[in-house]
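> This is the structure, below, for whatever I ask next.
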Amino acid sequence: MPDELSPADGLNDALETFDAHHRRLFGVAYRMLGSVSDAEDIVQETWIRWQGAERAGIREPVAFLTTIATRLSINALTSARARRETYVGPWLPEPVNTDDDPALGAERAEALQFAVLIMLEKLTPTERAAYVLREAFDYPYPRIAEVISVSVVSARQLVSRARAHLSSERRIAVAPTAQRSLLEAFLVAARKGDAAQLEKLFAEEVVSYTDGNGAKLAARIPVIGRGRVASFVAAFAHHFWTGKTIGWVHVNGQPAATLVEDGVVTTMVTITTSGDGIRQLLWVMSPDKLRHVTALSA
């Protein structure tokens, strides 16, 4: 008779299986929570539960692991939203580098760009889970129903409601190359303080959001409207850009610029766009959210 596996051998097998699906689990949790640190916590908790599971009877490890990560994320999202009520200023998703993995562990890069993640915040946790599993990971409805513990009919309805909600607010974005060009043009005009040129780049209802959580120079309320945003950006041109160099990173499947001072990324700025120009300016100035950008852009 063959020798039985030792506990160490069993743990090594468990780790090998888990590592094979680690990126997918992170991709699920990040899309659900919009936070790198929270997603990493979900992945760690999933690993703990995988260690303690009766793995011999699990025929589809990836399905088992994804179910755990999704359910944990649904629970975590409720408490995360409660924490954000005390956040200082607008809350934006935490940037995540996608240079090496453009789809972030998924079949498709859906539910990854900032514009979509911001809209996903308006969904219920189960709607968000159903949408993410369907649109990013191409899960069939029966499997989605199993993961979030609803009927197949309900799973279809959840995805349908999520799509309808997002489509009512979504605009057709420009190609990544055009988005980069728009962002470059914005940076040139912003550094000059050229309000007139800035207005030409903006859509009429453009909004500037700054996520700083109390950081110095971070605006604490959104600025809305072409003229107001242009005046706002032009007003800080004489001091905001001084002593900073501009670098480029690819986050959440889109180009972004970093402002680096003394070797440290102090700001990341990206945009959402449509045919009528820049619709959103997204500034991330919270040091906690720039930790990964700093490491990945160095």
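Letters A, B, ... go to the chains of the structure tokens in the order shown; residues in each chain start at 1; ligands are counted from 1 in the same order.
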Write out as a list in words which residues come within 6 Å of range 30-36 of chain A when counting only C-alpha atoms, dropping same-chain ones fewer than 5 positions away.
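Here the qualifying residues turn out to be Leu77, Pro93 and Glu94 of chain A.
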> Can you list, as a PDB file with N, CA and C atoms, in the first residue's frame, every protein, DNA or RNA residue that comes within 10 Å of Ser73 in chain A when you count only C-alpha atoms, leaving out same-chain residues fewer than 5 positions away?

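Output file part.pdb follows:
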ATOM      1  N   VAL A  28     -11.494  39.237  -7.069  1.00  0.00           N
ATOM      2  CA  VAL A  28     -12.876  39.256  -6.591  1.00  0.00           C
ATOM      3  C   VAL A  28     -13.015  40.234  -5.428  1.00  0.00           C
ATOM      4  N   ALA A  29     -12.151  40.078  -4.421  1.00  0.00           N
ATOM      5  CA  ALA A  29     -12.251  40.888  -3.211  1.00  0.00           C
ATOM      6  C   ALA A  29     -12.000  42.370  -3.502  1.00  0.00           C
ATOM      7  N   TYR A  30     -11.041  42.675  -4.366  1.00  0.00           N
ATOM      8  CA  TYR A  30     -10.767  44.076  -4.679  1.00  0.00           C
ATOM      9  C   TYR A  30     -11.955  44.718  -5.387  1.00  0.00           C
ATOM     10  N   ARG A  31     -12.541  44.026  -6.348  1.00  0.00           N
ATOM     11  CA  ARG A  31     -13.697  44.580  -7.053  1.00  0.00           C
ATOM     12  C   ARG A  31     -14.882  44.786  -6.114  1.00  0.00           C
ATOM     13  N   MET A  32     -14.986  43.954  -5.102  1.00  0.00           N
ATOM     14  CA  MET A  32     -16.066  44.083  -4.137  1.00  0.00           C
ATOM     15  C   MET A  32     -15.826  45.248  -3.172  1.00  0.00           C
ATOM     16  N   LEU A  33     -14.572  45.474  -2.779  1.00  0.00           N
ATOM     17  CA  LEU A  33     -14.283  46.399  -1.690  1.00  0.00           C
ATOM     18  C   LEU A  33     -13.569  47.678  -2.122  1.00  0.00           C
ATOM     19  N   ASP A  38      -7.995  45.784   2.327  1.00  0.00           N
ATOM     20  CA  ASP A  38      -9.153  44.962   2.691  1.00  0.00           C
ATOM     21  C   ASP A  38      -9.211  43.686   1.857  1.00  0.00           C
ATOM     22  N   ALA A  39      -8.856  43.796   0.578  1.00  0.00           N
ATOM     23  CA  ALA A  39      -8.848  42.611  -0.283  1.00  0.00           C
ATOM     24  C   ALA A  39      -7.795  41.616   0.185  1.00  0.00           C
ATOM     25  N   ASP A  41      -6.832  41.221   3.224  1.00  0.00           N
ATOM     26  CA  ASP A  41      -7.384  40.591   4.428  1.00  0.00           C
ATOM     27  C   ASP A  41      -8.346  39.463   4.067  1.00  0.00           C
ATOM     28  N   ILE A  42      -9.151  39.687   3.035  1.00  0.00           N
ATOM     29  CA  ILE A  42     -10.091  38.658   2.589  1.00  0.00           C
ATOM     30  C   ILE A  42      -9.336  37.436   2.076  1.00  0.00           C
ATOM     31  N   VAL A  43      -8.295  37.665   1.306  1.00  0.00           N
ATOM     32  CA  VAL A  43      -7.492  36.554   0.780  1.00  0.00           C
ATOM     33  C   VAL A  43      -6.860  35.768   1.933  1.00  0.00           C
ATOM     34  N   THR A  67     -16.124  31.095  -3.656  1.00  0.00           N
ATOM     35  CA  THR A  67     -17.318  31.245  -2.832  1.00  0.00           C
ATOM     36  C   THR A  67     -16.975  31.838  -1.474  1.00  0.00           C
ATOM     37  N   ILE A  68     -15.922  31.331  -0.848  1.00  0.00           N
ATOM     38  CA  ILE A  68     -15.502  31.861   0.455  1.00  0.00           C
ATOM     39  C   ILE A  68     -15.146  33.345   0.324  1.00  0.00           C
ATOM     40  N   THR A  78     -20.296  45.684   4.034  1.00  0.00           N
ATOM     41  CA  THR A  78     -21.237  46.371   4.915  1.00  0.00           C
ATOM     42  C   THR A  78     -20.500  47.163   5.993  1.00  0.00           C
ATOM     43  N   ALA A  80     -17.329  48.062   5.867  1.00  0.00           N
ATOM     44  CA  ALA A  80     -16.461  49.049   5.218  1.00  0.00           C
ATOM     45  C   ALA A  80     -17.227  50.334   4.926  1.00  0.00           C
ATOM     46  N   PRO A 125     -24.583  44.991  -1.627  1.00  0.00           N
ATOM     47  CA  PRO A 125     -23.478  44.026  -1.667  1.00  0.00           C
ATOM     48  C   PRO A 125     -23.768  42.804  -2.534  1.00  0.00           C
ATOM     49  N   THR A 126     -24.992  42.280  -2.480  1.00  0.00           N
ATOM     50  CA  THR A 126     -25.290  41.094  -3.297  1.00  0.00           C
ATOM     51  C   THR A 126     -25.399  41.439  -4.775  1.00  0.00           C
ATOM     52  N   ALA A 129     -21.815  41.680  -5.918  1.00  0.00           N
ATOM     53  CA  ALA A 129     -21.201  40.366  -6.053  1.00  0.00           C
ATOM     54  C   ALA A 129     -21.675  39.662  -7.321  1.00  0.00           C
TER      55      ALA A 129
END
> Pull the closest atom pair for each residue of range 11-47 of chain A that gets at most 12 Å from range 54-59 of chain A, along with the distance in Å to one decimal, counting only C-alpha atoms, ordering rows by chain and then ascending residue number, as a Markdown table.

| residue | atom | partner | partner_atom | distance |
| --- | --- | --- | --- | --- |
| A:Leu11 | CA | A:Arg55 | CA | 10.3 |
| A:Asp13 | CA | A:Arg55 | CA | 10.0 |
| A:Ala14 | CA | A:Arg55 | CA | 8.0 |
| A:Leu15 | CA | A:Arg55 | CA | 11.6 |
| A:Thr17 | CA | A:Arg55 | CA | 10.5 |
| A:Phe18 | CA | A:Arg55 | CA | 11.5 |
> Let's have the selection written as an mmCIF file, in the first residue's frame, with all heavy atoms.

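The new file result14.cif reads:
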data_model
loop_
_atom_site.group_PDB
_atom_site.id
_atom_site.type_symbol
_atom_site.label_atom_id
_atom_site.label_comp_id
_atom_site.auth_asym_id
_atom_site.auth_seq_id
_atom_site.Cartn_x
_atom_site.Cartn_y
_atom_site.Cartn_z
ATOM 1 N N LEU A 11 -0.405 20.075 3.611
ATOM 2 C CA LEU A 11 -0.379 21.528 3.673
ATOM 3 C C LEU A 11 0.312 22.115 2.442
ATOM 4 O O LEU A 11 -0.117 23.144 1.906
ATOM 5 C CB LEU A 11 0.339 21.985 4.943
ATOM 6 C CG LEU A 11 0.297 23.499 5.235
ATOM 7 C CD1 LEU A 11 -1.148 23.975 5.352
ATOM 8 C CD2 LEU A 11 1.067 23.804 6.508
ATOM 9 N N ASP A 13 0.318 20.770 -0.527
ATOM 10 C CA ASP A 13 -0.654 20.654 -1.615
ATOM 11 C C ASP A 13 -1.704 21.758 -1.524
ATOM 12 O O ASP A 13 -2.114 22.345 -2.536
ATOM 13 C CB ASP A 13 -1.340 19.285 -1.579
ATOM 14 C CG ASP A 13 -0.412 18.157 -2.019
ATOM 15 O OD1 ASP A 13 0.628 18.462 -2.637
ATOM 16 O OD2 ASP A 13 -0.733 16.985 -1.729
ATOM 17 N N ALA A 14 -2.150 22.026 -0.294
ATOM 18 C CA ALA A 14 -3.149 23.075 -0.085
ATOM 19 C C ALA A 14 -2.600 24.426 -0.505
ATOM 20 O O ALA A 14 -3.290 25.230 -1.153
ATOM 21 C CB ALA A 14 -3.575 23.108 1.379
ATOM 22 N N LEU A 15 -1.340 24.679 -0.156
ATOM 23 C CA LEU A 15 -0.716 25.950 -0.498
ATOM 24 C C LEU A 15 -0.524 26.078 -2.002
ATOM 25 O O LEU A 15 -0.745 27.149 -2.576
ATOM 26 C CB LEU A 15 0.636 26.070 0.213
ATOM 27 C CG LEU A 15 1.405 27.377 -0.016
ATOM 28 C CD1 LEU A 15 0.573 28.585 0.413
ATOM 29 C CD2 LEU A 15 2.737 27.347 0.729
ATOM 30 N N THR A 17 -2.348 24.701 -4.359
ATOM 31 C CA THR A 17 -3.662 24.967 -4.948
ATOM 32 C C THR A 17 -4.081 26.406 -4.709
ATOM 33 O O THR A 17 -4.571 27.091 -5.618
ATOM 34 C CB THR A 17 -4.722 24.018 -4.349
ATOM 35 O OG1 THR A 17 -4.359 22.672 -4.638
ATOM 36 C CG2 THR A 17 -6.104 24.302 -4.924
ATOM 37 N N PHE A 18 -3.884 26.866 -3.485
ATOM 38 C CA PHE A 18 -4.285 28.229 -3.134
ATOM 39 C C PHE A 18 -3.496 29.255 -3.946
ATOM 40 O O PHE A 18 -4.072 30.218 -4.470
ATOM 41 C CB PHE A 18 -4.067 28.465 -1.637
ATOM 42 C CG PHE A 18 -4.598 29.788 -1.153
ATOM 43 C CD1 PHE A 18 -5.934 29.931 -0.827
ATOM 44 C CD2 PHE A 18 -3.754 30.885 -1.030
ATOM 45 C CE1 PHE A 18 -6.425 31.148 -0.388
ATOM 46 C CE2 PHE A 18 -4.241 32.099 -0.597
ATOM 47 C CZ PHE A 18 -5.581 32.234 -0.270
#
> Leaving out Leu259 in chain A and any residue of its chain fewer than 6 positions from it, which residues lie within 7 Å of it when counting only C-alpha atoms, given as a PyMOL selection string?
chain A and resi 244-247+265-268
> List the spatial neighbours of Phe202 in chain A as a PyMOL selection string - criterion: any atom at most 10 Å away, only C-alpha atoms, same-chain residues fewer than 6 positions off excluded.
chain A and resi 182+186+225-227+229-230+273-274+276-281
> Rank nothing, just name the residue among A:Thr242, A:Ser79, A:Asn252, A:Gln44 nearest to Arg191 in chain A, using only C-alpha atoms.
A:Thr242
> Give me the residues of range 16-53 of chain A that have any atom at most 6 Å from an atom of range 95-112 of chain A; for each, the nearest atom pair and the distance in Å, rounded to one decimal. Use only C-alpha atoms, sort by chain and number, and format it as JSON lines.

{"residue": "A:Arg23", "atom": "CA", "partner": "A:Gly105", "partner_atom": "CA", "distance": 4.9}
{"residue": "A:Arg24", "atom": "CA", "partner": "A:Gly105", "partner_atom": "CA", "distance": 4.2}
{"residue": "A:Gly27", "atom": "CA", "partner": "A:Gly105", "partner_atom": "CA", "distance": 5.4}
> Take the residues just selected and output them with all heavy atoms as a compact mmCIF listing (two decimals), in the first residue's frame.

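Ended up saving to result.txt:
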# COMPACT_ATOMS: atom_id res chain seq x y z
N ARG A 23 -4.49 35.14 -7.30
CA ARG A 23 -4.77 36.39 -8.01
C ARG A 23 -6.26 36.54 -8.29
O ARG A 23 -6.82 37.65 -8.21
CB ARG A 23 -3.98 36.43 -9.31
CG ARG A 23 -3.89 37.82 -9.95
CD ARG A 23 -3.16 38.80 -9.07
NE ARG A 23 -2.96 40.09 -9.72
CZ ARG A 23 -2.58 41.18 -9.08
NH1 ARG A 23 -2.36 41.14 -7.78
NH2 ARG A 23 -2.41 42.33 -9.72
N ARG A 24 -6.92 35.44 -8.61
CA ARG A 24 -8.37 35.49 -8.84
C ARG A 24 -9.11 35.91 -7.57
O ARG A 24 -10.03 36.74 -7.61
CB ARG A 24 -8.88 34.13 -9.31
CG ARG A 24 -10.40 33.99 -9.33
CD ARG A 24 -10.83 32.62 -9.82
NE ARG A 24 -10.65 32.54 -11.27
CZ ARG A 24 -11.67 32.60 -12.13
NH1 ARG A 24 -12.90 32.75 -11.70
NH2 ARG A 24 -11.45 32.51 -13.42
N GLY A 27 -8.68 39.48 -7.02
CA GLY A 27 -9.48 40.22 -8.00
C GLY A 27 -10.94 40.31 -7.61
O GLY A 27 -11.58 41.35 -7.79
> To one decimal place, how far is CA of Asp211 in chain A from CA of Arg84 in chain A in Å?
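Here the two named atoms are 11.7 Å from each other.
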> Between CA of Ala203 in chain A and CA of Val251 in chain A, what distance in Å does the model show, to one decimal?
22.8 Å
> Nearest residue to Pro176 in chain A out of A:His250, A:Lys289, A:Arg81, A:His21, using only C-alpha atoms?
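The shortest atom-to-atom distance to Pro176 in chain A comes from A:His250.
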> For Phe137 in chain A, which residue out of A:Leu158, A:Leu217, A:Val260, A:Leu25 is the nearest one, using only C-alpha atoms?
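The closest residue to Phe137 in chain A is A:Leu25.
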> I need the helix (DSSP H, G or I) residues of range 14-150 of chain A per DSSP on the backbone, written as JSON, numbers by chain.
{"A": [14, 15, 16, 17, 18, 19, 20, 21, 22, 23, 24, 25, 26, 27, 28, 29, 30, 31, 32, 33, 36, 37, 38, 39, 40, 41, 42, 43, 44, 45, 46, 47, 48, 49, 50, 51, 52, 55, 56, 57, 61, 62, 63, 64, 65, 66, 67, 68, 69, 70, 71, 72, 73, 74, 75, 76, 77, 78, 79, 80, 81, 82, 83, 84, 114, 115, 116, 117, 118, 119, 120, 125, 126, 127, 128, 129, 130, 131, 132, 133, 134, 135, 141, 142, 143, 144, 145, 146, 147, 148]}
> Pick out the residues sitting within 8 Å of range 140-144 of chain A, and hand them over as a CSV table (one decimal) with C-alpha atoms, in the first residue's frame; count only C-alpha atoms, and ignore anything fewer than 6 positions along from it in its own chain.

chain,number,residue,atom,x,y,z
A,130,ALA,CA,-23.5,39.0,-8.7
A,133,LEU,CA,-18.9,37.3,-10.8
A,134,ARG,CA,-20.9,37.6,-14.1
A,151,SER,CA,-32.2,31.2,-6.6
A,152,VAL,CA,-31.0,31.2,-10.3
A,155,ALA,CA,-29.2,35.8,-9.6
A,156,ARG,CA,-30.4,36.8,-13.0
> Between A:Val223, A:Ala190, A:Ala215, A:Val264, which is the closest to Tyr87 in chain A once you count only C-alpha atoms?
A:Ala215
